[in-house]
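Peer 1: Provided herewith: run_37.txt, compact mmCIF, C-alpha atoms.
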# COMPACT_ATOMS: atom_id res chain seq x y z
CA MET F 819 -0.06 -7.66 -12.52
CA ILE F 820 0.40 -6.92 -8.81
CA ALA F 821 1.48 -9.99 -6.85
CA ILE F 822 0.45 -9.97 -3.19
CA LEU F 823 2.53 -12.54 -1.35
CA ASP F 824 0.21 -14.97 0.40
CA VAL F 825 2.20 -14.95 3.63
CA PRO F 826 0.96 -17.06 6.57
CA GLY F 827 -1.06 -15.22 9.20
CA GLY F 828 -0.89 -12.09 7.09
CA GLY F 829 -3.22 -9.59 5.53
CA ALA F 830 -2.95 -10.87 1.95
CA GLN F 831 -6.67 -11.43 1.45
CA ALA F 832 -7.65 -8.05 2.89
CA LEU F 833 -5.09 -6.34 0.65
CA LEU F 834 -6.33 -8.34 -2.32
CA ARG F 835 -9.89 -7.14 -1.71
CA ALA F 836 -8.70 -3.54 -1.30
CA PHE F 837 -6.85 -3.59 -4.62
CA GLN F 838 -9.85 -5.24 -6.28
CA ARG F 839 -11.97 -2.30 -5.13
CA LEU F 840 -9.58 -0.16 -7.16
CA ASP F 841 -10.03 -2.43 -10.22
CA ALA F 842 -6.31 -3.25 -10.09
CA ASP F 843 -4.92 -6.33 -11.80
CA VAL F 844 -3.93 -8.27 -8.69
CA GLN F 845 -3.53 -11.85 -7.47
CA ALA F 846 -2.34 -13.73 -4.42
CA ALA F 847 1.13 -15.17 -5.03
CA SER F 848 3.15 -17.93 -3.41
CA SER F 849 5.39 -19.31 -6.16
CA ILE F 850 8.62 -18.26 -7.85
CA ALA F 851 6.77 -17.93 -11.17
CA ASP F 852 4.17 -15.61 -9.61
CA VAL F 853 6.87 -13.23 -8.41
CA LYS F 854 8.96 -13.43 -11.60
CA HIS F 855 6.00 -12.47 -13.76
CA ALA F 856 4.67 -9.70 -11.51
CA ALA F 857 4.99 -6.06 -12.51
CA LYS F 858 4.72 -5.03 -8.84
CA ILE F 859 5.04 -6.94 -5.56
CA VAL F 860 3.30 -6.41 -2.21
CA ILE F 861 4.59 -8.02 1.00
CA PRO F 862 1.71 -7.98 3.52
CA ASP F 863 1.85 -7.78 7.28
CA SER F 864 2.35 -11.05 9.17
CA ASN F 865 1.67 -12.08 12.76
CA SER F 866 5.29 -13.25 13.17
CA PHE F 867 8.48 -11.84 11.72
CA PRO F 868 10.41 -15.14 12.13
CA GLY F 869 7.47 -16.90 10.46
CA LEU F 870 7.52 -14.42 7.57
CA ILE F 871 11.25 -14.88 7.00
CA ARG F 872 10.93 -18.67 7.23
CA TRP F 873 8.06 -18.75 4.73
CA LEU F 874 9.97 -16.61 2.21
CA ARG F 875 13.04 -18.82 2.46
CA ASP F 876 11.08 -22.08 2.33
CA SER F 877 9.18 -20.75 -0.72
CA HIS F 878 12.50 -19.73 -2.37
CA LEU F 879 11.19 -16.19 -2.88
CA VAL F 880 14.08 -14.16 -1.44
CA GLY F 881 16.08 -14.31 -4.69
CA PRO F 882 13.12 -13.40 -6.96
CA ILE F 883 12.21 -10.43 -4.72
CA LEU F 884 15.80 -9.14 -4.76
CA LEU F 885 15.89 -9.56 -8.53
CA ALA F 886 12.63 -7.61 -8.86
CA ALA F 887 14.14 -4.78 -6.81
CA GLU F 888 17.29 -4.81 -8.95
CA GLN F 889 15.12 -4.58 -12.08
CA GLY F 890 13.29 -1.55 -10.69
CA ARG F 891 9.91 -3.20 -10.26
CA PRO F 892 7.96 -1.45 -7.47
CA ILE F 893 7.78 -3.27 -4.14
CA LEU F 894 5.53 -2.36 -1.21
CA GLY F 895 5.99 -3.78 2.28
CA VAL F 896 3.13 -3.44 4.78
CA GLY F 897 3.60 -3.77 8.56
CA ARG F 898 6.15 -6.51 9.09
CA GLY F 899 6.49 -6.50 5.30
CA LEU F 900 8.05 -3.05 5.79
CA HIS F 901 10.37 -4.47 8.44
CA LEU F 902 11.52 -7.13 5.99
CA LEU F 903 12.92 -4.43 3.68
CA PHE F 904 15.59 -3.39 6.20
CA ASP F 905 19.03 -4.82 6.99
CA VAL F 906 18.24 -6.22 10.42
CA CYS F 907 15.09 -6.63 12.51
CA HIS F 908 14.95 -6.97 16.29
CA ASP F 909 11.48 -8.51 16.57
CA ASP F 910 11.16 -11.78 18.47
CA GLY F 911 14.91 -12.22 18.17
CA GLN F 912 17.42 -10.75 15.75
CA HIS F 913 16.89 -11.47 12.06
CA THR F 914 18.50 -10.49 8.78
CA GLY F 915 16.19 -8.66 6.40
CA LEU F 916 16.38 -8.11 2.65
CA GLY F 917 18.62 -5.05 2.92
CA LEU F 918 16.67 -3.03 0.35
CA ILE F 919 16.51 0.02 2.64
CA PRO F 920 19.57 0.62 4.85
CA GLY F 921 18.68 0.63 8.52
CA LYS F 922 17.17 -1.48 11.29
CA VAL F 923 13.91 -2.33 12.99
CA ILE F 924 13.68 -2.03 16.77
CA PRO F 925 10.93 -2.47 19.39
CA LEU F 926 8.86 0.54 20.35
CA ASP F 927 10.67 1.67 23.49
CA LEU F 928 8.86 4.31 25.49
CA GLY F 929 11.01 3.78 28.59
CA ARG F 930 13.44 6.46 27.47
CA HIS F 931 10.58 8.95 27.36
CA PRO F 932 8.88 9.34 30.77
CA ALA F 933 6.16 11.57 29.33
CA ALA F 934 5.13 8.71 27.04
CA GLN F 935 4.49 6.14 29.77
CA HIS F 936 0.72 6.29 29.35
CA PHE F 937 0.98 5.15 25.71
CA LEU F 938 0.20 1.46 25.20
CA ILE F 939 2.29 -1.11 23.34
CA PRO F 940 1.40 -2.47 20.87
CA HIS F 941 0.37 0.73 19.14
CA ARG F 942 -3.05 -0.23 17.83
CA GLY F 943 -5.67 1.98 16.22
CA PRO F 944 -5.92 5.09 14.03
CA ASN F 945 -3.26 7.78 14.29
CA GLN F 946 -2.15 10.82 12.33
CA VAL F 947 0.60 10.49 9.76
CA ARG F 948 2.60 13.50 8.63
CA TRP F 949 4.50 13.60 5.37
CA ALA F 950 8.23 14.29 5.45
CA GLY F 951 8.05 15.51 1.85
CA ASP F 952 6.39 14.78 -1.47
CA GLY F 953 6.35 11.15 -2.53
CA PRO F 954 4.57 8.86 -5.01
CA LEU F 955 2.48 7.01 -2.41
CA THR F 956 1.21 10.16 -0.70
CA SER F 957 0.31 12.09 -3.84
CA GLY F 958 -3.13 13.67 -3.53
CA LEU F 959 -3.31 13.19 0.25
CA PRO F 960 -2.89 16.03 2.76
CA SER F 961 -0.41 15.61 5.58
CA GLY F 962 -2.12 14.68 8.84
CA GLU F 963 -4.40 11.97 7.46
CA PHE F 964 -5.34 9.16 9.85
CA PHE F 965 -4.19 5.60 9.19
CA PHE F 966 -4.66 2.38 11.17
CA PHE F 967 -1.66 0.91 13.03
CA ASP F 968 -1.04 -2.39 14.78
CA HIS F 969 2.62 -2.90 15.72
CA ALA F 970 5.15 -3.08 18.53
CA ALA F 971 8.31 -2.37 16.50
CA HIS F 972 9.29 0.32 14.04
CA ALA F 973 11.86 0.96 11.34
CA GLU F 974 14.80 3.33 11.66
CA PRO F 975 16.22 4.16 8.22
CA LEU F 976 19.94 4.89 8.29
CA ASP F 977 19.39 7.90 6.03
CA THR F 978 16.60 10.29 7.02
CA ALA F 979 16.07 10.95 3.31
CA HIS F 980 14.39 7.53 3.23
CA VAL F 981 11.74 8.62 5.77
CA GLY F 982 8.64 9.51 3.77
CA ALA F 983 6.29 10.07 6.72
CA THR F 984 6.25 10.01 10.50
CA CYS F 985 3.77 9.27 13.25
CA ASN F 986 3.87 9.87 17.00
CA HIS F 987 2.99 7.32 19.65
CA GLY F 988 4.88 8.66 22.62
CA ILE F 989 7.88 8.90 20.29
CA ASP F 990 8.15 9.91 16.65
CA PHE F 991 8.72 6.94 14.36
CA CYS F 992 8.93 6.23 10.64
CA ALA F 993 5.47 5.49 9.25
CA LEU F 994 6.52 5.33 5.60
CA ALA F 995 9.93 4.46 4.20
CA TRP F 996 10.92 5.00 0.59
CA ARG F 997 14.04 4.34 -1.46
CA GLU F 998 13.80 4.60 -5.25
CA ARG F 999 10.97 2.17 -6.13
CA ILE F 1000 11.02 0.34 -2.79
CA PHE F 1001 8.27 1.43 -0.40
CA GLY F 1002 7.15 0.38 3.05
CA VAL F 1003 4.34 1.53 5.32
CA GLN F 1004 4.02 0.80 9.04
CA PHE F 1005 0.28 1.42 8.93
CA LEU F 1006 -2.20 -1.02 7.39
CA PRO F 1007 -3.70 0.70 4.32
CA GLU F 1008 -6.32 -2.03 3.89
CA LYS F 1009 -7.75 -0.99 7.30
CA SER F 1010 -7.36 2.76 6.76
CA GLU F 1011 -10.52 3.52 4.76
CA ALA F 1012 -10.31 6.12 1.96
CA ALA F 1013 -6.79 7.32 2.82
CA GLY F 1014 -5.48 3.76 2.73
CA LEU F 1015 -7.15 3.07 -0.59
CA LYS F 1016 -5.55 6.21 -2.00
CA VAL F 1017 -2.10 4.97 -0.98
CA LEU F 1018 -2.76 1.60 -2.60
CA GLY F 1019 -4.11 3.32 -5.70
CA ASN F 1020 -0.96 5.42 -5.94
CA PHE F 1021 1.15 2.27 -5.73
CA ALA F 1022 -0.96 0.51 -8.37
CA GLY F 1023 -0.46 3.50 -10.65
CA LEU F 1024 3.34 3.49 -10.53
Go through the file and emit its structure as structure tokens.

Peer 2:
Amino acid sequence: MIAILDVPGGGAQALLRAFQRLDADVQAASSIADVKHAAKIVIPDSNSFPGLIRWLRDSHLVGPILLAAEQGRPILGVGRGLHLLFDVCHDDGQHTGLGLIPGKVIPLDLGRHPAAQHFLIPHRGPNQVRWAGDGPLTSGLPSGEFFFFDHAAHAEPLDTAHVGATCNHGIDFCALAWRERIFGVQFLPEKSEAAGLKVLGNFAGL
């Protein structure tokens, strides 16, 4: 069973419907038992990173998620769910993440790149994603597919080997991070039509 964490202000229901279109065994999850019994875990996007962290701690789900990672159960973070996988996140303050992928999350900063000044923040809408190599989530998809984004911060893995795909919005940034069976996507697959469904299908098939 795939447990989609029912985070507040997140995309849990949209992700649930997307997985159901793939006939995946999936359910919304908010309890320790839900996470303990899940074969795979999805952490959806949320409208607030501090709110996401607070909800996980108040629900006592940090320990079960870390245990699932230690046991090798696949985990997928989407949007701010991706940010949660890193050591530290600078999004509406500085916050400690789960530390499952070494690195940090920082605001999209186009000020260092004068040629990028006409790009808007947040980065919202479809954009091309290019694979950094072969990976389980991108199997069967050509590099250069369009995915839907809605974010103002991005992840910076400490090791470039953990960058599975990149996108450009004035600057190049990590669009997909991957370490062993821990995955995170900056784009929203549930809003990315056929390409997004393919990514979710690849995750369901792990």

Peer 1: Rank F:Leu900, F:Leu928, F:Ser864, F:Leu1024 by their smallest atom-to-atom distance to Ala993 in chain F, using all atoms listed in the file, and report the top residue only.

Peer 2: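 Using all atoms listed in the file, Ala993 in chain F sits closest to F:Leu900.
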
Peer 1: To one decimal place, how far is CA of Gly921 in chain F from CA of Val896 in chain F in Å?

Peer 2: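 The value is 16.5 Å.
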
Peer 1: Looking at all atoms listed in the file, which of F:Asp910, F:Ile919, F:Ala1022, F:Gly899 is the one that sits closest to Leu1006 in chain F?

Peer 2: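 The shortest atom-to-atom distance to Leu1006 in chain F comes from F:Gly899.
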
Peer 1: Considering only C-alpha atoms, return as a list in words whatever protein or nucleic-acid residues lie within 8 Å of Leu834 in chain F, sequence-local ones (same chain, fewer than 3 positions apart) excluded.

Peer 2: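 The contact residues come out as Ile822, Ala830, Gln831, Phe837, Gln838, Val844, Gln845 and Ala846 of chain F.
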
Peer 1: Quick one, how far is CA of Ile939 in chain F from CA of His987 in chain F?

Peer 2: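 Computed distance, CA of Ile939 in chain F to CA of His987 in chain F, equals 9.2 Å.
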
Peer 1: Step by step, gather every atom of range 827-836 of chain F that the file lists, find the box along x, y and z that holds them, add 3 Å on each side, and finally give centre and edge lengths in Å to one decimal, as JSON.

Peer 2:
{"center_x": -5.4, "center_y": -9.4, "center_z": 3.4, "size_x": 15.0, "size_y": 17.7, "size_z": 17.5}

Peer 1: Using all atoms listed in the file, determine which residues lie at most 8 Å from range 848-857 of chain F, disregarding the query and same-chain residues fewer than 2 positions distant; provide the list as a short mmCIF file (atom, residue, chain, number, x, y, z; two decimals) with C-alpha atoms, keeping the file's coordinate frame.

Peer 2:
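Okay, selection26.cif is ready:
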data_model
loop_
_atom_site.label_atom_id
_atom_site.label_comp_id
_atom_site.auth_asym_id
_atom_site.auth_seq_id
_atom_site.Cartn_x
_atom_site.Cartn_y
_atom_site.Cartn_z
CA MET F 819 -0.06 -7.66 -12.52
CA ILE F 820 0.40 -6.92 -8.81
CA ALA F 821 1.48 -9.99 -6.85
CA LEU F 823 2.53 -12.54 -1.35
CA ASP F 824 0.21 -14.97 0.40
CA VAL F 825 2.20 -14.95 3.63
CA ALA F 846 -2.34 -13.73 -4.42
CA ILE F 859 5.04 -6.94 -5.56
CA SER F 877 9.18 -20.75 -0.72
CA HIS F 878 12.50 -19.73 -2.37
CA LEU F 879 11.19 -16.19 -2.88
CA PRO F 882 13.12 -13.40 -6.96
CA ILE F 883 12.21 -10.43 -4.72
CA ALA F 886 12.63 -7.61 -8.86
CA ARG F 891 9.91 -3.20 -10.26
CA PRO F 892 7.96 -1.45 -7.47
#

Peer 1: Nearest residue to Trp873 in chain F out of F:Arg948, F:Ala1013, F:Pro826, F:His913, using only C-alpha atoms?

Peer 2: F:Pro826

Peer 1: Let me make sure I understand: among F:Cys985, F:Ala1012, F:Ala950, F:Ala842, which one has the smallest atom-to-atom distance to His972 in chain F if we use all atoms listed in the file?

Peer 2: F:Cys985

Peer 1: Set the distance at 10 Å and use only C-alpha atoms: which residues neighbour Arg898 in chain F once local chain neighbours fewer than 4 positions away are removed? I'd like the list as a ChimeraX atom specification.

Peer 2: /F:828,861-867,870,902-903,907,909,923,969,971-973,1002-1005

Peer 1: Measuring atom to atom with only C-alpha atoms, identify which of F:Ile1000, F:Leu959, F:Cys992, F:Leu874 is nearest to Gly917 in chain F.

Peer 2: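 Result for the nearest residue to Gly917 in chain F: F:Ile1000.
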
Peer 1: Counting only C-alpha atoms, figure out which residue out of F:Gly1014, F:Gly953, F:Phe966, F:Glu888 gets nearest to Val981 in chain F.

Peer 2: F:Gly953

Peer 1: One decimal, Å: what's the distance from CA of Ala970 in chain F over to CA of Pro940 in chain F, could you say?

Peer 2: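 Going from CA of Ala970 in chain F over to CA of Pro940 in chain F covers 4.5 Å.
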